[in-house]
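See below for target_18.txt, which holds compact mmCIF, C-alpha atoms and all ligand atoms.
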```
# COMPACT_ATOMS: atom_id res chain seq x y z
CA MET Q 1 115.17 114.44 93.96
CA THR Q 2 112.68 117.31 93.60
CA PRO Q 3 109.11 116.14 94.28
CA LEU Q 4 106.64 116.36 91.40
CA LEU Q 5 103.84 117.03 93.87
CA GLU Q 6 104.26 118.69 97.21
CA LEU Q 7 101.57 119.47 99.76
CA ARG Q 8 102.55 122.07 102.32
CA GLY Q 9 100.26 122.37 105.31
CA LEU Q 10 97.28 121.55 103.10
CA THR Q 11 94.06 122.11 105.00
CA ARG Q 12 90.39 121.78 104.15
CA ALA Q 13 87.65 122.54 106.64
CA TYR Q 14 83.90 122.04 106.33
CA GLY Q 15 82.68 124.68 108.76
CA SER Q 16 84.07 123.74 112.15
CA LEU Q 17 85.22 120.28 111.00
CA THR Q 18 88.79 120.18 109.71
CA ALA Q 19 88.72 117.16 107.39
CA VAL Q 20 92.30 117.68 106.14
CA ASP Q 21 94.54 119.18 108.74
CA HIS Q 22 97.92 120.68 107.78
CA VAL Q 23 99.03 117.80 105.58
CA ASP Q 24 102.62 117.77 104.34
CA LEU Q 25 103.34 115.24 101.62
CA ALA Q 26 105.90 114.84 98.83
CA VAL Q 27 105.42 112.58 95.81
CA LEU Q 28 108.57 111.96 93.77
CA PRO Q 29 108.63 111.71 89.97
CA GLY Q 30 107.74 108.19 88.85
CA GLU Q 31 106.61 107.18 92.33
CA ARG Q 32 103.47 105.12 92.97
CA HIS Q 33 102.13 106.64 96.16
CA ALA Q 34 99.06 105.34 97.95
CA LEU Q 35 96.87 107.21 100.41
CA ILE Q 36 95.08 105.05 102.96
CA GLY Q 37 93.29 105.52 106.26
CA PRO Q 38 90.23 104.38 108.18
CA ASN Q 39 86.77 105.64 107.16
CA GLY Q 40 86.42 109.38 107.60
CA ALA Q 41 90.20 109.92 107.74
CA GLY Q 42 89.99 112.63 105.05
CA LYS Q 43 91.25 110.73 102.00
CA SER Q 44 88.49 111.83 99.60
CA THR Q 45 88.72 115.40 100.80
CA LEU Q 46 92.49 115.47 100.39
CA PHE Q 47 92.19 113.91 96.95
CA ALA Q 48 89.64 116.50 95.81
CA THR Q 49 91.68 119.36 97.24
CA VAL Q 50 94.84 118.24 95.43
CA ALA Q 51 92.99 117.81 92.12
CA GLY Q 52 91.33 121.21 92.48
CA THR Q 53 87.80 119.79 92.67
CA LEU Q 54 87.52 121.39 96.13
CA PRO Q 55 89.33 124.58 97.13
CA ALA Q 56 91.78 124.36 100.03
CA THR Q 57 91.05 126.46 103.08
CA GLY Q 58 94.75 126.61 104.00
CA GLY Q 59 98.21 125.56 102.83
CA ASN Q 60 99.55 124.95 99.35
CA VAL Q 61 99.62 122.45 96.50
CA VAL Q 62 102.86 122.68 94.55
CA PHE Q 63 102.97 120.76 91.27
CA ASP Q 64 106.03 120.56 89.04
CA GLY Q 65 107.61 123.46 90.90
CA HIS Q 66 104.59 125.78 90.61
CA ASP Q 67 102.07 126.72 93.27
CA VAL Q 68 98.74 125.58 91.77
CA THR Q 69 96.62 126.11 94.90
CA ALA Q 70 94.60 128.89 93.31
CA LEU Q 71 94.17 127.15 89.94
CA ALA Q 72 90.98 125.47 88.75
CA GLU Q 73 90.89 121.70 88.23
CA SER Q 74 90.94 122.14 84.44
CA GLU Q 75 94.07 124.28 84.58
CA ARG Q 76 95.79 121.75 86.86
CA ALA Q 77 94.82 119.05 84.33
CA ARG Q 78 96.26 121.13 81.48
CA ARG Q 79 99.55 121.19 83.39
CA GLY Q 80 99.56 117.39 83.72
CA LEU Q 81 97.88 116.79 87.09
CA LEU Q 82 94.88 114.59 86.29
CA ARG Q 83 92.36 112.74 88.38
CA THR Q 84 90.08 109.91 87.36
CA TYR Q 85 86.31 110.09 87.77
CA GLN Q 86 84.24 107.01 88.38
CA HIS Q 87 82.51 106.54 84.99
CA SER Q 88 81.18 110.07 84.76
CA SER Q 89 83.62 110.98 81.99
CA LEU Q 90 82.47 108.26 79.54
CA PHE Q 91 80.20 108.77 76.53
CA LEU Q 92 78.23 105.56 76.84
CA ASP Q 93 76.58 105.77 73.41
CA CYS Q 94 79.91 106.19 71.60
CA SER Q 95 82.32 103.43 70.74
CA VAL Q 96 85.20 102.60 73.01
CA LEU Q 97 87.61 103.89 70.37
CA ASP Q 98 85.70 107.16 69.92
CA ASN Q 99 85.78 107.83 73.65
CA VAL Q 100 89.57 107.74 73.59
CA ALA Q 101 89.77 109.54 70.24
CA LEU Q 102 87.79 112.42 71.72
CA ALA Q 103 90.22 112.60 74.62
CA VAL Q 104 93.15 112.58 72.18
CA GLN Q 105 91.53 115.33 70.12
CA ARG Q 106 91.12 117.56 73.15
CA VAL Q 107 94.88 117.46 73.67
CA HIS Q 108 95.78 117.93 70.00
CA ARG Q 109 93.27 120.67 69.31
CA VAL Q 110 96.10 123.08 68.74
CA ALA Q 111 98.92 120.79 67.61
CA HIS Q 112 96.95 119.20 64.76
CA ARG Q 113 94.93 122.24 63.75
CA PHE Q 114 96.67 122.73 60.42
CA ASP Q 115 96.70 119.05 59.42
CA ARG Q 116 94.37 117.92 56.65
CA ALA Q 117 91.23 116.34 58.07
CA ALA Q 118 91.96 112.80 56.83
CA ARG Q 119 95.48 112.84 58.20
CA ARG Q 120 94.33 114.29 61.48
CA PHE Q 121 91.72 111.55 61.74
CA ARG Q 122 94.30 108.80 61.08
CA ARG Q 123 96.72 110.21 63.62
CA THR Q 124 94.05 110.56 66.28
CA GLU Q 125 92.80 107.05 65.69
CA ALA Q 126 96.28 105.53 65.78
CA GLU Q 127 97.03 107.26 69.04
CA ALA Q 128 93.70 106.22 70.56
CA CYS Q 129 94.40 102.59 69.55
CA ARG Q 130 97.78 102.77 71.24
CA HIS Q 131 96.16 103.90 74.52
CA LEU Q 132 93.51 101.20 74.26
CA GLU Q 133 96.24 98.62 73.77
CA SER Q 134 98.10 99.82 76.85
CA VAL Q 135 95.00 99.25 79.01
CA GLY Q 136 94.16 95.89 77.41
CA LEU Q 137 91.03 97.04 75.58
CA ALA Q 138 92.20 96.93 71.95
CA GLY Q 139 89.84 94.04 71.26
CA ARG Q 140 86.81 96.11 72.36
CA ALA Q 141 87.58 99.22 70.25
CA GLY Q 142 84.44 98.92 68.09
CA ASP Q 143 82.02 98.14 70.92
CA ARG Q 144 79.82 100.74 72.54
CA ALA Q 145 81.14 101.95 75.88
CA SER Q 146 77.79 100.95 77.41
CA ALA Q 147 78.58 97.30 76.56
CA LEU Q 148 81.66 97.29 78.79
CA SER Q 149 81.67 95.70 82.23
CA HIS Q 150 82.33 97.81 85.32
CA GLY Q 151 86.02 96.83 85.32
CA GLU Q 152 86.41 97.49 81.59
CA ARG Q 153 84.87 100.94 81.98
CA ARG Q 154 87.52 101.73 84.52
CA GLN Q 155 90.18 100.51 82.07
CA LEU Q 156 88.69 102.79 79.41
CA GLU Q 157 88.78 105.67 81.82
CA VAL Q 158 92.53 105.09 82.26
CA ALA Q 159 93.04 105.10 78.47
CA MET Q 160 91.24 108.46 78.33
CA VAL Q 161 93.41 109.85 81.10
CA LEU Q 162 96.55 108.62 79.32
CA ALA Q 163 95.40 110.41 76.17
CA ALA Q 164 95.71 113.69 78.05
CA GLN Q 165 99.46 113.02 78.45
CA PRO Q 166 99.58 113.53 82.22
CA SER Q 167 102.69 113.48 84.37
CA LEU Q 168 100.70 112.62 87.51
CA VAL Q 169 97.49 110.61 87.64
CA MET Q 170 95.33 110.49 90.74
CA PHE Q 171 93.23 107.33 91.01
CA ASP Q 172 90.09 107.59 93.12
CA GLU Q 173 89.35 104.17 94.65
CA PRO Q 174 89.99 102.48 91.30
CA THR Q 175 89.00 98.95 92.32
CA ALA Q 176 85.81 99.89 94.18
CA GLY Q 177 82.99 97.58 93.10
CA MET Q 178 85.27 95.33 91.06
CA SER Q 179 85.25 91.54 91.19
CA ALA Q 180 88.44 89.76 92.23
CA ALA Q 181 89.28 89.05 88.57
CA GLU Q 182 88.66 92.67 87.57
CA THR Q 183 90.81 93.88 90.46
CA GLU Q 184 93.63 91.59 89.36
CA ARG Q 185 93.38 92.86 85.78
CA PHE Q 186 93.37 96.45 86.97
CA ALA Q 187 96.43 95.92 89.19
CA GLU Q 188 98.28 94.39 86.23
CA LEU Q 189 97.28 97.36 84.10
CA VAL Q 190 98.70 99.79 86.66
CA GLU Q 191 101.90 97.75 86.90
CA ARG Q 192 102.33 98.03 83.13
CA LEU Q 193 101.91 101.84 83.01
CA PRO Q 194 105.04 103.74 81.96
CA ASP Q 195 107.67 103.97 84.72
CA ASP Q 196 107.92 107.73 84.45
CA LEU Q 197 104.19 108.24 85.13
CA THR Q 198 103.64 109.33 88.74
CA LEU Q 199 100.61 107.90 90.52
CA LEU Q 200 98.70 108.93 93.63
CA ILE Q 201 96.13 106.29 94.52
CA VAL Q 202 93.37 106.44 97.11
CA GLU Q 203 92.39 102.84 97.60
CA HIS Q 204 90.50 100.81 100.16
CA ASP Q 205 91.79 97.40 99.06
CA LEU Q 206 94.99 97.15 101.07
CA ASP Q 207 96.22 94.11 99.15
CA VAL Q 208 96.20 96.28 96.04
CA VAL Q 209 97.87 99.14 97.92
CA PHE Q 210 100.68 97.00 99.28
CA ARG Q 211 101.19 95.40 95.89
CA LEU Q 212 101.32 98.56 93.79
CA ALA Q 213 102.69 101.32 96.00
CA ASP Q 214 106.34 102.30 96.43
CA ARG Q 215 105.31 104.38 99.42
CA VAL Q 216 102.15 104.69 101.44
CA THR Q 217 100.81 107.62 103.44
CA VAL Q 218 98.34 106.90 106.22
CA LEU Q 219 95.81 109.59 107.11
CA HIS Q 220 94.02 109.56 110.44
CA LEU Q 221 91.59 112.25 111.58
CA GLY Q 222 92.79 114.49 108.75
CA ARG Q 223 96.47 114.26 109.66
CA VAL Q 224 99.39 112.26 108.33
CA LEU Q 225 100.00 109.43 110.75
CA ALA Q 226 102.84 107.79 108.83
CA THR Q 227 104.55 107.65 105.45
CA GLY Q 228 106.75 104.74 104.43
CA THR Q 229 107.22 101.65 102.33
CA PRO Q 230 104.45 99.03 102.45
CA GLN Q 231 106.63 96.98 104.82
CA GLU Q 232 107.20 99.93 107.15
CA ILE Q 233 103.51 100.81 107.20
CA GLN Q 234 102.41 97.26 107.96
CA ALA Q 235 104.86 97.09 110.86
CA ASP Q 236 103.92 100.50 112.30
CA ASP Q 237 102.25 100.24 115.72
CA GLU Q 238 100.49 103.61 115.47
CA VAL Q 239 99.03 102.64 112.10
CA ARG Q 240 97.82 99.34 113.49
CA ARG Q 241 96.18 101.17 116.38
CA ALA Q 242 94.45 103.61 114.01
CA TYR Q 243 92.99 100.69 112.08
CA LEU Q 244 91.96 98.67 115.12
CA GLY Q 245 88.22 98.47 115.24
CA SER Q 246 88.06 99.10 111.51
CA ALA Q 247 86.81 96.34 109.24
CA ARG Q 248 90.07 96.69 107.33
CA ALA Q 249 92.43 96.00 110.25
CA GLU Q 250 92.65 92.38 109.17
CA GLU Q 251 93.79 93.35 105.67
CA LEU Q 252 96.48 95.59 107.11
CA PHE Q 253 97.98 92.77 109.15
CA THR Q 254 97.78 90.05 106.54
CA GLY Q 255 97.96 91.79 103.16
CA GLY Q 256 100.76 92.24 100.71
CA LEU Q 257 103.95 91.01 102.34
N1 LIG R 301 80.69 117.87 102.19
C1 LIG R 301 80.98 117.66 103.47
N2 LIG R 301 80.45 118.45 104.43
C2 LIG R 301 80.73 118.25 105.73
N3 LIG R 301 81.58 117.28 106.20
C3 LIG R 301 82.13 116.47 105.28
C4 LIG R 301 81.87 116.61 103.88
N4 LIG R 301 82.55 115.66 103.21
C5 LIG R 301 83.23 114.96 104.16
N5 LIG R 301 82.97 115.43 105.39
C6 LIG R 301 83.55 114.95 106.65
O1 LIG R 301 84.96 115.09 106.56
C7 LIG R 301 85.63 113.98 107.18
C8 LIG R 301 86.53 113.31 106.16
O2 LIG R 301 85.70 112.74 105.16
P1 LIG R 301 86.31 112.05 103.84
O3 LIG R 301 85.15 111.60 103.02
O4 LIG R 301 87.29 112.97 103.21
O5 LIG R 301 87.08 110.81 104.49
P2 LIG R 301 87.54 109.46 103.78
O6 LIG R 301 88.83 109.08 104.42
O7 LIG R 301 87.54 109.62 102.31
O8 LIG R 301 86.40 108.46 104.22
P3 LIG R 301 85.89 107.10 103.48
O9 LIG R 301 87.01 106.11 103.56
O10 LIG R 301 84.72 106.69 104.33
O11 LIG R 301 85.51 107.47 102.07
C9 LIG R 301 84.53 113.07 107.72
O12 LIG R 301 84.35 113.38 109.08
C10 LIG R 301 83.30 113.46 106.90
O13 LIG R 301 82.11 113.24 107.64
```
Would you mind giving the structure from this file in structure tokens?
Ligand SMILES: Nc1ncnc2c1ncn2[C@@H]1O[C@H](COP(=O)(O)OP(=O)(O)OP(=O)(O)O)[C@@H](O)[C@H]1O
Amino acid sequence: MTPLLELRGLTRAYGSLTAVDHVDLAVLPGERHALIGPNGAGKSTLFATVAGTLPATGGNVVFDGHDVTALAESERARRGLLRTYQHSSLFLDCSVLDNVALAVQRVHRVAHRFDRAARRFRRTEAEACRHLESVGLAGRAGDRASALSHGERRQLEVAMVLAAQPSLVMFDEPTAGMSAAETERFAELVERLPDDLTLLIVEHDLDVVFRLADRVTVLHLGRVLATGTPQEIQADDEVRRAYLGSARAEELFTGGL
């Protein structure tokens, strides 16, 4: 199967520090792929370089068969490669529904241009409602975004990303700061996303990783240490060694299986 996303020798240096060091990685269509690693492994840098938030200093990002390394983040998003931002994309004074409707409108700017205003409005609203339903927020449509809890804001953010009709969504530590109940709700939400949506998730909660991911890539000191199924990763001696001394070693040994 041809990968939807392929990283070829992707490298990102900050001066003399190579935070992401010749990373090769393939994410297949429909796959849920998690990126883990001890603190400072280079996960955030890799994430930002793939999304186009940070330019690469070497190597290539190939998305849907095209080399997008030189493209801006917005152009990558237009082609279906989207990343989530922690809260920064929300209009807190607008309603939950309007936040998603605005995201829908951005996509349909061209497609709906010749519709009559009332019809365009109805279509946009119906589509926004559908996205809210798929993230479990239909009941909060009329509330202000500022009234949502931390976990609900992250759900709203997913609805807004879905409105952009992506083929690959990159989640940036989605459960960070969530309560156990919010984390559970978020994991269920991800499990319910359409099967053909490809996901790349950077996540610290290894229970969530081992529950959601089809395959896991472990970064260590900017390099790929291992890629495999959750079971393979948990049984990998090198991975265990990389996590030893990390507060998360315990999770690696006990989580998920
Ligand atoms: N803007 C920057 N300038 C210089 N060095 C940086 C910068 N951002 C990150 N680094 C360094 O690059 C390396 C990788 O950092 P990065 O944040 O990508 O790792 P991470 O795996 O996401 O870590 P964490 O799990 O702690 O978030 C670290 O050594 C970090 O100190």
- Tell me which of Q:Ala147, Q:Val23, Q:Leu10, Q:Leu4 sits closest to Q:Phe63, counting all atoms listed in the file. Q:Leu4
Please report, as a Markdown table, each residue of stretch 132-175 of chain Q lying at most 12 Å from stretch 24-29 of chain Q, together with the nearest pair of atoms and the separation in Å rounded to one decimal; use all atoms listed in the file, and order rows by chain and ascending residue number.
```
| residue | atom | partner | partner_atom | distance |
| --- | --- | --- | --- | --- |
| Q:Ser167 | CA | Q:Pro29 | CA | 8.4 |
| Q:Leu168 | CA | Q:Pro29 | CA | 8.4 |
| Q:Val169 | CA | Q:Pro29 | CA | 11.4 |
| Q:Met170 | CA | Q:Val27 | CA | 11.5 |
```
How close does each residue of chain Q get to ligand LIG 301 (chain R), giving the shortest atom pair and distance in Å to one decimal for every residue with an atom at most 7 Å away, counting only C-alpha atoms and all ligand atoms, sorted by chain and residue number, as a tab-separated table?
```
residue	atom	partner	partner_atom	distance
Q:Tyr14	CA	R:LIG301	C2	5.0
Q:Leu17	CA	R:LIG301	N3	6.7
Q:Ala19	CA	R:LIG301	O1	4.4
Q:Gly37	CA	R:LIG301	O6	6.0
Q:Pro38	CA	R:LIG301	O9	5.9
Q:Asn39	CA	R:LIG301	O9	3.6
Q:Gly40	CA	R:LIG301	O5	3.5
Q:Ala41	CA	R:LIG301	O6	3.7
Q:Gly42	CA	R:LIG301	O4	3.3
Q:Lys43	CA	R:LIG301	O6	3.8
Q:Ser44	CA	R:LIG301	O7	3.6
Q:Thr45	CA	R:LIG301	O4	3.7
Q:Leu46	CA	R:LIG301	O4	6.4
Q:Gly222	CA	R:LIG301	C8	6.9
```
- Residue with the minimum atom-to-atom distance to Q:Ser89, picked from Q:Leu35, Q:Ala180, Q:Leu102, Q:Ala51 with only C-alpha atoms counted, is Q:Leu102
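Distances here use only C-alpha atoms; by that measure, the residue among Q:Thr198, Q:Ser134, Q:Thr227, Q:Ser149 closest to Q:Arg83 is Q:Thr198.
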- Using all atoms listed in the file, which residue out of Q:Gly142, Q:Gly58, Q:Gly177, Q:Gly136 lies closest to Q:Val158? Q:Gly136
